[in-house]
>>> print(open('query26.txt').read())   # compact mmCIF, C-alpha atoms
# COMPACT_ATOMS: atom_id res chain seq x y z
CA MET A 179 -33.96 -11.28 2.30
CA LYS A 180 -35.05 -7.91 0.89
CA ALA A 181 -32.83 -5.72 -1.24
CA ASP A 182 -30.57 -3.11 0.35
CA HIS A 183 -29.41 -1.36 -2.83
CA VAL A 184 -29.00 -2.07 -6.55
CA HIS A 185 -26.11 -2.63 -8.92
CA LEU A 186 -26.48 -1.31 -12.49
CA PHE A 187 -24.84 -3.03 -15.45
CA VAL A 188 -24.31 -2.00 -19.06
CA ASP A 189 -23.36 -4.87 -21.36
CA GLY A 190 -22.42 -6.98 -18.35
CA ASP A 191 -20.07 -4.41 -16.84
CA GLU A 192 -21.07 -2.88 -13.52
CA VAL A 193 -21.29 0.90 -13.96
CA ALA A 194 -22.99 2.12 -10.79
CA MET A 195 -24.19 1.23 -7.31
CA VAL A 196 -27.36 3.03 -6.24
CA HIS A 197 -28.50 3.24 -2.64
CA LYS A 198 -32.18 3.66 -3.34
CA LEU A 199 -34.82 1.16 -4.37
CA LYS A 200 -37.37 3.55 -5.87
CA GLY A 201 -37.26 6.48 -8.25
CA SER A 202 -34.91 7.18 -11.12
CA PHE A 203 -31.19 7.20 -11.74
CA LYS A 204 -29.38 9.04 -14.50
CA LEU A 205 -27.18 6.64 -16.45
CA GLY A 206 -24.75 7.59 -19.11
CA PRO A 207 -23.59 8.79 -21.49
CA LEU A 208 -23.72 5.44 -23.24
CA LYS A 209 -21.81 4.54 -26.37
CA ALA A 210 -23.84 4.40 -29.58
CA GLY A 211 -25.30 1.05 -30.57
CA ASP A 212 -27.35 -1.71 -28.97
CA ARG A 213 -26.86 -1.84 -25.22
CA LYS A 214 -28.13 -4.23 -22.55
CA VAL A 215 -28.94 -2.40 -19.30
CA CYS A 216 -29.54 -4.52 -16.20
CA VAL A 217 -30.50 -3.72 -12.64
CA SER A 218 -29.62 -6.19 -9.93
CA PRO A 219 -31.08 -5.74 -6.43
CA VAL A 220 -28.53 -6.93 -3.86
CA ASN A 221 -28.36 -7.37 -0.10
CA LYS A 222 -26.00 -5.53 2.27
CA ASN A 223 -23.22 -7.95 1.34
CA HIS A 224 -23.56 -7.00 -2.38
CA THR A 225 -25.08 -10.41 -3.14
CA PRO A 226 -27.88 -10.60 -5.77
CA ILE A 227 -31.20 -11.63 -4.27
CA GLY A 228 -32.47 -13.10 -7.52
CA ALA A 229 -34.65 -10.33 -8.95
CA GLN A 230 -32.44 -9.03 -11.76
CA ALA A 231 -34.15 -7.35 -14.71
CA CYS A 232 -32.70 -6.23 -18.04
CA ILE A 233 -33.75 -4.11 -20.99
CA HIS A 234 -32.23 -3.65 -24.43
CA VAL A 235 -31.82 -0.09 -25.70
CA THR A 236 -30.48 1.41 -28.90
CA VAL A 237 -28.29 4.44 -28.31
CA GLN A 238 -27.95 6.89 -31.19
CA MET B 209 -35.31 -12.45 12.56
CA GLU B 210 -34.00 -14.15 9.44
CA LEU B 211 -31.28 -16.81 9.68
CA GLU B 212 -29.32 -15.02 6.94
CA ASN B 213 -29.16 -11.82 8.98
CA ILE B 214 -27.99 -13.74 12.05
CA LEU B 215 -25.26 -15.44 10.02
CA TYR B 216 -24.07 -12.18 8.43
CA ALA B 217 -24.10 -10.44 11.81
CA SER B 218 -22.10 -13.26 13.41
CA VAL B 219 -19.48 -13.12 10.67
CA GLN B 220 -19.41 -9.31 10.90
CA LEU B 221 -18.92 -9.53 14.68
CA ALA B 222 -15.84 -11.74 14.30
CA HIS B 223 -14.55 -9.60 11.42
CA ASN B 224 -14.92 -6.35 13.38
CA PHE B 225 -13.07 -7.64 16.45
CA GLY B 226 -10.43 -9.14 14.18
CA ALA B 227 -9.96 -5.81 12.43
CA ALA B 228 -9.61 -3.99 15.73
CA ALA B 229 -7.06 -6.54 16.94
CA VAL B 230 -4.84 -6.70 13.82
CA THR B 231 -4.56 -2.92 13.86
CA GLY B 232 -4.62 -2.18 17.58
CA LEU B 233 -2.27 -4.87 18.89
CA PRO B 234 0.80 -3.89 16.80
CA ILE B 235 0.22 -0.20 17.57
CA ALA B 236 -0.13 -1.03 21.27
CA ALA B 237 3.10 -3.08 21.14
CA LEU B 238 4.95 -0.13 19.59
CA TRP B 239 3.38 2.42 21.93
CA PHE B 240 3.68 0.65 25.31
CA LYS B 241 6.85 -1.40 24.63
CA PRO B 242 5.97 -4.29 26.98
CA ALA B 243 8.46 -6.92 28.23
CA PRO B 244 9.53 -9.68 25.76
CA PRO B 245 7.29 -12.41 27.29
CA VAL B 246 4.29 -10.11 26.91
CA LEU B 247 5.34 -9.21 23.36
CA ARG B 248 5.33 -12.91 22.46
CA LYS B 249 1.77 -13.26 23.75
CA VAL B 250 0.71 -10.16 21.84
CA ALA B 251 2.30 -11.63 18.71
CA TRP B 252 0.31 -14.85 19.14
CA LEU B 253 -2.86 -12.83 19.61
CA THR B 254 -2.06 -10.85 16.45
CA LEU B 255 -1.58 -14.08 14.49
CA LEU B 256 -4.87 -15.41 15.86
CA ALA B 257 -6.59 -12.14 14.90
CA TRP B 258 -5.33 -12.34 11.31
CA LEU B 259 -6.57 -15.94 11.08
CA VAL B 260 -9.96 -14.81 12.38
CA GLN B 261 -9.93 -12.03 9.77
CA SER B 262 -9.19 -14.50 6.99
CA ALA B 263 -11.82 -17.01 8.10
CA SER B 264 -14.54 -14.40 8.68
CA GLY B 265 -13.70 -12.69 5.38
CA ALA B 266 -14.28 -15.99 3.62
CA GLY B 267 -17.38 -16.35 5.77
CA PHE B 268 -19.09 -13.40 4.06
CA GLY B 269 -18.84 -15.15 0.72
CA THR B 270 -19.80 -18.49 2.22
CA VAL B 271 -23.00 -17.13 3.76
CA SER B 272 -23.93 -15.47 0.47
CA PHE B 273 -23.29 -18.64 -1.49
CA PHE B 274 -25.33 -20.92 0.74
CA GLN B 275 -28.14 -18.45 1.48
CA GLU B 276 -28.57 -16.76 -1.92
CA GLY B 277 -26.83 -19.26 -4.19
CA GLU B 278 -24.44 -16.57 -5.45
CA LEU B 279 -21.25 -14.84 -4.40
CA PRO B 280 -21.24 -11.05 -3.82
CA GLN B 281 -21.02 -8.87 -6.95
CA ILE B 282 -17.65 -7.19 -6.49
CA HIS B 283 -16.01 -5.30 -9.32
CA HIS B 284 -13.41 -2.66 -10.14
CA LEU B 285 -12.27 -0.65 -7.10
CA ALA B 286 -13.91 -2.99 -4.58
CA LEU B 287 -12.21 -6.01 -6.15
CA ALA B 288 -8.86 -4.25 -5.91
CA ALA B 289 -9.57 -3.45 -2.25
CA LEU B 290 -10.44 -7.10 -1.57
CA CYS B 291 -7.16 -8.21 -3.18
CA VAL B 292 -5.25 -5.73 -1.00
CA LYS B 293 -6.97 -7.12 2.12
CA ILE B 294 -6.14 -10.70 1.17
CA ALA B 295 -2.52 -9.75 0.44
CA CYS B 296 -2.24 -8.00 3.83
CA ALA B 297 -3.59 -11.06 5.64
CA ALA B 298 -1.32 -13.46 3.74
CA LEU B 299 1.76 -11.32 4.37
CA ALA B 300 0.99 -10.79 8.07
CA VAL B 301 0.38 -14.52 8.67
CA THR B 302 3.59 -15.34 6.79
CA LEU B 303 5.67 -12.81 8.75
CA LEU B 304 4.36 -14.02 12.11
CA THR B 305 4.70 -17.70 11.16
CA VAL B 306 8.33 -17.16 10.14
CA HIS B 307 8.93 -15.32 13.40
CA PHE B 308 7.54 -18.18 15.48
CA LEU B 309 9.36 -20.84 13.44
CA ARG B 310 12.64 -19.15 14.37
CA ARG B 311 11.81 -19.99 18.01
CA THR B 312 13.36 -16.81 19.36
CA ALA B 313 12.87 -16.20 23.07
CA SER B 314 11.92 -12.56 22.63
CA GLY B 315 8.92 -11.13 20.83
CA PRO B 316 9.01 -9.54 17.38
CA GLY B 317 11.27 -6.54 16.92
CA VAL B 318 10.23 -2.96 16.21
CA ALA B 319 10.54 -3.44 12.44
CA LEU B 320 8.13 -6.37 12.45
CA TRP B 321 5.61 -4.55 14.65
CA ARG B 322 5.78 -1.52 12.35
CA GLY B 323 5.19 -3.76 9.37
CA LEU B 324 2.24 -5.44 11.07
CA ALA B 325 0.79 -2.05 12.02
CA ILE B 326 1.04 -0.87 8.40
CA LEU B 327 -0.62 -4.07 7.17
CA GLY B 328 -3.44 -3.66 9.70
CA VAL B 329 -4.09 -0.02 8.81
CA THR B 330 -3.96 -0.83 5.09
CA ALA B 331 -6.42 -3.72 5.45
CA LEU B 332 -8.78 -1.65 7.56
CA SER B 333 -8.69 1.21 5.04
CA SER B 334 -9.34 -1.20 2.17
CA ALA B 335 -12.33 -2.58 4.07
CA ALA B 336 -14.06 0.79 3.85
CA ILE B 337 -13.59 0.86 0.07
CA LEU B 338 -14.79 -2.73 -0.23
CA ARG B 339 -17.93 -1.91 1.77
CA TRP B 340 -19.00 1.18 -0.16
CA PHE B 341 -17.91 0.38 -3.69
CA SER B 342 -18.73 -2.70 -5.72
>>> encode(input="query26.txt", output="structure tokens")
Amino acid sequence: MKADHVHLFVDGDEVAMVHKLKGSFKLGPLKAGDRKVCVSPVNKNHTPIGAQACIHVTVQ
Amino acid sequence: MELENILYASVQLAHNFGAAAVTGLPIAALWFKPAPPVLRKVAWLTLLAWLVQSASGAGFGTVSFFQEGELPQIHHLALAALCVKIACAALAVTLLTVHFLRRTASGPGVALWRGLAILGVTALSSAAILRWFS
């Protein structure tokens, strides 16, 4: 099943739900330090479809 | 058409009719004030509707688990809304079960219908939050 929208996580805590699959989304402000930001594409029932990706960022 | 979509749509179909019934039947009972034998039938239908709501609600998670291998990601406000829905269903089923265990000849009184109407409206309102927040 293809994605309907995405859930965004910072350090494992869901911080936003975005109803678009392309483009950009402004996230923040984030607390200083090392942060793990993940995006999880989900179906219409909010279920992950298995294509989650994460990046590590350092916030100053 | 994907099997997963058919399964979700089937569960949604039952859930939608259940939602309409758990809210509409108590309001109709209060509004039209039917005779006691009819009220008893409406009460049974309301109990059946809440059971359908509970089963189909669990069905959403079941389809996700068996089709995607994971449960839906529900957090914060949506999780609170889900808890409210579950509490409404549990309370409504309990109230109606107690009523039927008493084996009264008449249907539920005005107080019980009002309570059931409030539970239905609350559950339906929570459903909107659950759908659009996560």
>>> closest_residue(input="query26.txt", among="B:Gln281, B:Ala227, B:Arg248, B:Gln220", to="A:Ile227", atoms="all atoms listed in the file")
B:Gln281
>>> closest_residue(input="query26.txt", among="B:Ala286, B:Leu221, B:Ile294, B:Leu253", to="B:Arg339", atoms="only C-alpha atoms")
B:Ala286
>>> closest_residue(input="query26.txt", among="A:Lys222, A:Lys204, A:Val193, A:Val188", to="A:Val235", atoms="all atoms listed in the file")
A:Val188
>>> closest_atom_pairs(input="query26.txt", of="chain B", to="chain A", cutoff="12 Å", atoms="all atoms listed in the file", output="Markdown table")
| residue | atom | partner | partner_atom | distance |
| --- | --- | --- | --- | --- |
| B:Met209 | CA | A:Met179 | CA | 10.4 |
| B:Glu210 | CA | A:Met179 | CA | 7.7 |
| B:Leu211 | CA | A:Met179 | CA | 9.6 |
| B:Glu212 | CA | A:Met179 | CA | 7.6 |
| B:Asn213 | CA | A:Met179 | CA | 8.2 |
| B:Ile214 | CA | A:Met179 | CA | 11.7 |
| B:Leu215 | CA | A:Asn223 | CA | 11.6 |
| B:Tyr216 | CA | A:Asn223 | CA | 8.3 |
| B:Ala217 | CA | A:Asn223 | CA | 10.8 |
| B:Val219 | CA | A:Asn223 | CA | 11.3 |
| B:Gln220 | CA | A:Asn223 | CA | 10.4 |
| B:Gly265 | CA | A:Asn223 | CA | 11.4 |
| B:Gly267 | CA | A:Asn223 | CA | 11.1 |
| B:Phe268 | CA | A:Asn223 | CA | 7.4 |
| B:Gly269 | CA | A:Asn223 | CA | 8.5 |
| B:Thr270 | CA | A:Thr225 | CA | 11.0 |
| B:Val271 | CA | A:Asn223 | CA | 9.5 |
| B:Ser272 | CA | A:Thr225 | CA | 6.3 |
| B:Phe273 | CA | A:Thr225 | CA | 8.6 |
| B:Phe274 | CA | A:Thr225 | CA | 11.2 |
| B:Gln275 | CA | A:Met179 | CA | 9.3 |
| B:Glu276 | CA | A:Ile227 | CA | 6.2 |
| B:Gly277 | CA | A:Ile227 | CA | 8.8 |
| B:Glu278 | CA | A:Thr225 | CA | 6.6 |
| B:Leu279 | CA | A:Thr225 | CA | 6.0 |
| B:Pro280 | CA | A:Thr225 | CA | 4.0 |
| B:Gln281 | CA | A:His224 | CA | 5.6 |
| B:Ile282 | CA | A:His224 | CA | 7.2 |
| B:His283 | CA | A:Glu192 | CA | 7.0 |
| B:His284 | CA | A:Glu192 | CA | 8.4 |
| B:Leu285 | CA | A:Glu192 | CA | 11.1 |
| B:Ala286 | CA | A:His224 | CA | 10.7 |
| B:Leu287 | CA | A:Glu192 | CA | 11.9 |
| B:Leu338 | CA | A:His224 | CA | 10.0 |
| B:Arg339 | CA | A:Asn223 | CA | 8.0 |
| B:Trp340 | CA | A:Met195 | CA | 8.8 |
| B:Phe341 | CA | A:Met195 | CA | 7.3 |
| B:Ser342 | CA | A:Met195 | CA | 6.9 |
>>> closest_residue(input="query26.txt", among="A:Val237, A:Leu205, A:Ala181, A:Leu186", to="A:Val217", atoms="all atoms listed in the file")
A:Leu186
>>> atom_distance(input="query26.txt", atom1="atom CA of A:Cys232", atom2="atom CA of A:Asp189")
10.0 Å
>>> atom_distance(input="query26.txt", atom1="atom CA of B:Ala298", atom2="atom CA of B:Val260")
12.3 Å
>>> atom_distance(input="query26.txt", atom1="atom CA of A:Lys198", atom2="atom CA of B:Ser334")
24.0 Å
>>> closest_residue(input="query26.txt", among="B:Ala257, B:Leu304, B:Ala222, B:Cys296", to="B:Ile326", atoms="all atoms listed in the file")
B:Cys296
>>> residues_near_point(input="query26.txt", point="(-7.3, 0.0, 5.6)", cutoff="12 Å", atoms="only C-alpha atoms", output="list in words")
Ala227, Ala228, Val230, Thr231, Ala289, Leu290, Val292, Lys293, Ile294, Cys296, Ala297, Ala325, Ile326, Leu327, Gly328, Val329, Thr330, Ala331, Leu332, Ser333, Ser334, Ala335, Ala336, Ile337, Leu338 and Arg339 of chain B
>>> residues_around(input="query26.txt", residues="B:Leu247", least_positions_apart="6", cutoff="12 Å", atoms="all atoms listed in the file", output="PyMOL selection string")
chain B and resi 233-241+253-254+312-318+320-321
